Amino acid sequence: MEYDIEEVKSNSEDKQKFMEYVKADGLLLEWASPELQDDKALVLEAVKCDGGALEFASDRLKDDKDVLLTAVEIKGWVLCYASEKLRADKEVVLKAAQRDGQILYYASQKLRDKDVVLSAVTNKAIILKYASQRLRADKDIALAAVKQNKKSFSYIADELKNDEDIQNIINPPQEG
């Protein structure tokens, strides 16, 4: 269902109307009043519909773990809107990485560990460039990355570039 934006704006204070709007299009949260953008039930409905609605949530709710977990389950990249505290929360970051490897860019440095990097490169291998040198030298991570996208080969540690298993992915043996 498509709504007339002027009508949506004119109802910016009406929680009942906005609940209906955000269930159909979470991004309509943009036009809600600041009070409604700080209403947890309304924001949860918006991010269930479209994780990108997190952009329009209040700062308080961008720091709410329930809201963040719901949003990143739909669109992992919305971790970029999270509070600093939740960007450093392993559960939130791992869930976001499983949905969208791009989040490695937004994750706190201390959380760029093997679990998070492995989840991230499994669905966005090229993000390996944001991993530490130590993790670029981890064979499990290197294998996951080159399986997902051979272009990530340029980001793995030099000492793994001649590894037989990695070479078999990059240059598969000819059959016959």
# chains A, B, ... in the order shown; residues from 1 in each chain; ligands from 1
$ residues_around --residues "segment 120-135 of chain A" --least-positions-apart "6" --cutoff "8 Å" --atoms "only C-alpha atoms" --output "ChimeraX atom specification"
/A:97-105,112-114,141,144-146,148-149,151-152,155-157
$ write_last_selection --atoms "N, CA and C atoms" --output "short mmCIF file (atom, residue, chain, number, x, y, z; two decimals), in the first residue's frame"
data_model
loop_
_atom_site.label_atom_id
_atom_site.label_comp_id
_atom_site.auth_asym_id
_atom_site.auth_seq_id
_atom_site.Cartn_x
_atom_site.Cartn_y
_atom_site.Cartn_z
N ALA A 97 26.76 -9.21 11.05
CA ALA A 97 27.74 -9.78 10.13
C ALA A 97 27.18 -10.98 9.37
N GLN A 98 26.33 -11.74 10.03
CA GLN A 98 25.71 -12.89 9.37
C GLN A 98 24.78 -12.46 8.25
N ARG A 99 24.21 -11.26 8.38
CA ARG A 99 23.29 -10.74 7.36
C ARG A 99 24.05 -9.97 6.28
N ASP A 100 25.07 -9.21 6.71
CA ASP A 100 25.77 -8.34 5.76
C ASP A 100 27.21 -8.13 6.23
N GLY A 101 28.14 -8.71 5.50
CA GLY A 101 29.55 -8.62 5.86
C GLY A 101 30.09 -7.21 5.88
N GLN A 102 29.43 -6.32 5.18
CA GLN A 102 29.87 -4.93 5.10
C GLN A 102 30.00 -4.28 6.48
N ILE A 103 29.29 -4.82 7.47
CA ILE A 103 29.28 -4.20 8.79
C ILE A 103 30.64 -4.24 9.47
N LEU A 104 31.53 -5.07 8.97
CA LEU A 104 32.85 -5.13 9.60
C LEU A 104 33.46 -3.73 9.66
N TYR A 105 33.14 -2.93 8.68
CA TYR A 105 33.63 -1.56 8.62
C TYR A 105 33.16 -0.76 9.84
N ARG A 112 36.46 -7.12 15.98
CA ARG A 112 36.84 -7.68 14.68
C ARG A 112 37.67 -8.94 14.92
N ASP A 113 37.05 -9.90 15.63
CA ASP A 113 37.73 -11.14 15.97
C ASP A 113 37.40 -12.22 14.95
N LYS A 114 37.88 -13.43 15.18
CA LYS A 114 37.71 -14.50 14.20
C LYS A 114 36.24 -14.79 13.91
N ILE A 141 39.62 -18.27 7.69
CA ILE A 141 39.05 -17.02 7.17
C ILE A 141 39.43 -16.85 5.70
N ALA A 144 37.31 -19.19 3.55
CA ALA A 144 35.92 -18.72 3.45
C ALA A 144 35.84 -17.52 2.50
N ALA A 145 36.80 -16.64 2.59
CA ALA A 145 36.78 -15.44 1.74
C ALA A 145 36.96 -15.80 0.27
N VAL A 146 37.96 -16.59 -0.07
CA VAL A 146 38.19 -16.89 -1.49
C VAL A 146 37.10 -17.78 -2.06
N GLN A 148 33.97 -17.39 -1.27
CA GLN A 148 32.87 -16.47 -1.52
C GLN A 148 33.16 -15.56 -2.71
N ASN A 149 34.41 -15.12 -2.83
CA ASN A 149 34.77 -14.22 -3.93
C ASN A 149 36.28 -14.29 -4.13
N LYS A 151 38.20 -12.50 -5.69
CA LYS A 151 38.88 -11.20 -5.64
C LYS A 151 39.47 -10.91 -4.26
N SER A 152 38.96 -11.58 -3.25
CA SER A 152 39.48 -11.37 -1.89
C SER A 152 40.88 -11.93 -1.73
N TYR A 155 43.67 -9.78 -0.52
CA TYR A 155 43.70 -9.31 0.86
C TYR A 155 44.19 -10.36 1.86
N ILE A 156 44.35 -11.62 1.42
CA ILE A 156 44.83 -12.61 2.37
C ILE A 156 46.34 -12.44 2.56
N ALA A 157 46.84 -12.94 3.67
CA ALA A 157 48.27 -12.80 3.98
C ALA A 157 49.12 -13.51 2.93
#
$ residues_around --residues "Asp59 of chain A" --least-positions-apart "4" --cutoff "9 Å" --atoms "only C-alpha atoms" --output "NGL selection string"
:A and (38 or 63-64 or 82-83)
$ write_last_selection --atoms "C-alpha atoms" --output "PDB file, in the first residue's frame"
ATOM      1  CA  ASP A  38      11.133   7.348  20.546  1.00  0.00           C
ATOM      2  CA  ASP A  63      20.983   2.253  21.921  1.00  0.00           C
ATOM      3  CA  ASP A  64      18.301  -0.385  22.636  1.00  0.00           C
ATOM      4  CA  ALA A  82      23.722   1.970  16.269  1.00  0.00           C
ATOM      5  CA  SER A  83      25.104   3.622  19.360  1.00  0.00           C
TER       6      SER A  83
END
$ select_by_dssp --residues "segment 17-172 of chain A" --states "alpha helix (DSSP H)" --output "ChimeraX atom specification"
/A:17-24,34-37,40-49,65-74,84-87,90-99,114-123,133-136,139-148,164-170
$ write_last_selection --atoms "C-alpha atoms" --output "short mmCIF file (atom, residue, chain, number, x, y, z; two decimals), in the first residue's frame"
data_model
loop_
_atom_site.label_atom_id
_atom_site.label_comp_id
_atom_site.auth_asym_id
_atom_site.auth_seq_id
_atom_site.Cartn_x
_atom_site.Cartn_y
_atom_site.Cartn_z
CA LYS A 17 -2.12 5.86 12.28
CA PHE A 18 1.67 5.57 12.38
CA MET A 19 1.48 1.98 13.54
CA GLU A 20 -0.52 1.26 10.40
CA TYR A 21 1.94 3.23 8.24
CA VAL A 22 5.12 1.59 9.51
CA LYS A 23 3.67 -1.91 9.23
CA ALA A 24 3.24 -1.22 5.51
CA PRO A 34 10.14 12.88 17.69
CA GLU A 35 7.92 11.40 20.43
CA LEU A 36 6.79 8.59 18.14
CA GLN A 37 10.34 8.03 16.88
CA LYS A 40 9.76 1.41 21.25
CA ALA A 41 6.69 -0.52 20.07
CA LEU A 42 6.31 1.70 17.02
CA VAL A 43 10.00 1.63 16.13
CA LEU A 44 10.10 -2.18 16.53
CA GLU A 45 7.24 -2.47 14.02
CA ALA A 46 9.05 -0.13 11.64
CA VAL A 47 12.37 -2.02 11.76
CA LYS A 48 10.58 -5.39 11.42
CA CYS A 49 9.19 -4.08 8.15
CA LYS A 65 19.58 -3.92 22.08
CA ASP A 66 16.13 -5.38 21.22
CA VAL A 67 15.58 -2.74 18.55
CA LEU A 68 19.08 -3.22 17.12
CA LEU A 69 18.85 -7.02 17.00
CA THR A 70 15.53 -6.77 15.18
CA ALA A 71 16.86 -4.22 12.69
CA VAL A 72 20.15 -5.97 11.86
CA GLU A 73 18.32 -9.24 11.35
CA ILE A 74 16.52 -7.57 8.43
CA GLU A 84 28.81 3.19 20.06
CA LYS A 85 27.89 0.85 22.91
CA LEU A 86 25.95 -1.50 20.63
CA ARG A 87 28.58 -1.38 17.88
CA LYS A 90 29.36 -8.99 20.16
CA GLU A 91 25.84 -10.45 19.84
CA VAL A 92 24.61 -7.47 17.82
CA VAL A 93 27.71 -7.31 15.62
CA LEU A 94 27.72 -11.05 14.95
CA LYS A 95 24.04 -11.02 13.96
CA ALA A 96 24.69 -8.06 11.65
CA ALA A 97 27.74 -9.78 10.13
CA GLN A 98 25.71 -12.89 9.37
CA ARG A 99 23.29 -10.74 7.36
CA LYS A 114 37.71 -14.50 14.20
CA ASP A 115 33.98 -15.18 14.73
CA VAL A 116 32.86 -11.82 13.39
CA VAL A 117 35.35 -11.70 10.50
CA LEU A 118 34.49 -15.27 9.48
CA SER A 119 30.77 -14.42 9.42
CA ALA A 120 31.45 -11.23 7.50
CA VAL A 121 33.67 -12.75 4.78
CA THR A 122 31.25 -15.65 4.30
CA ASN A 123 28.79 -13.24 2.67
CA GLN A 133 46.82 -8.80 9.53
CA ARG A 134 46.61 -11.67 12.01
CA LEU A 135 43.13 -12.64 10.79
CA ARG A 136 44.10 -12.23 7.15
CA LYS A 139 43.51 -20.13 6.95
CA ASP A 140 39.82 -20.66 7.86
CA ILE A 141 39.05 -17.02 7.17
CA ALA A 142 41.13 -16.98 3.97
CA LEU A 143 39.38 -20.10 2.66
CA ALA A 144 35.92 -18.72 3.45
CA ALA A 145 36.78 -15.44 1.74
CA VAL A 146 38.19 -16.89 -1.49
CA LYS A 147 35.30 -19.39 -1.70
CA GLN A 148 32.87 -16.47 -1.52
CA GLU A 164 47.40 -25.73 -1.75
CA ASP A 165 43.76 -25.50 -0.61
CA ILE A 166 43.57 -21.80 -1.47
CA GLN A 167 45.28 -22.33 -4.82
CA ASN A 168 42.77 -25.11 -5.64
CA ILE A 169 39.97 -22.54 -5.23
CA ILE A 170 41.76 -19.78 -7.15
#
$ atom_distance --atom1 "atom CA of Asp89 of chain A" --atom2 "atom CA of Gly76 of chain A"
13.9 Å
$ closest_residue --among "A:Ala57, A:Trp77, A:Asp158, A:Gly51" --to "Asp25 of chain A" --atoms "only C-alpha atoms"
A:Gly51
$ atom_distance --atom1 "atom CA of Tyr106 of chain A" --atom2 "atom CA of Cys80 of chain A"
5.8 Å
$ closest_residue --among "A:Phe56, A:Ala88, A:Lys9, A:Asp14" --to "Leu27 of chain A" --atoms "only C-alpha atoms"
A:Phe56
$ atom_distance --atom1 "atom CA of Ser10 of chain A" --atom2 "atom CA of Lys62 of chain A"
25.1 Å
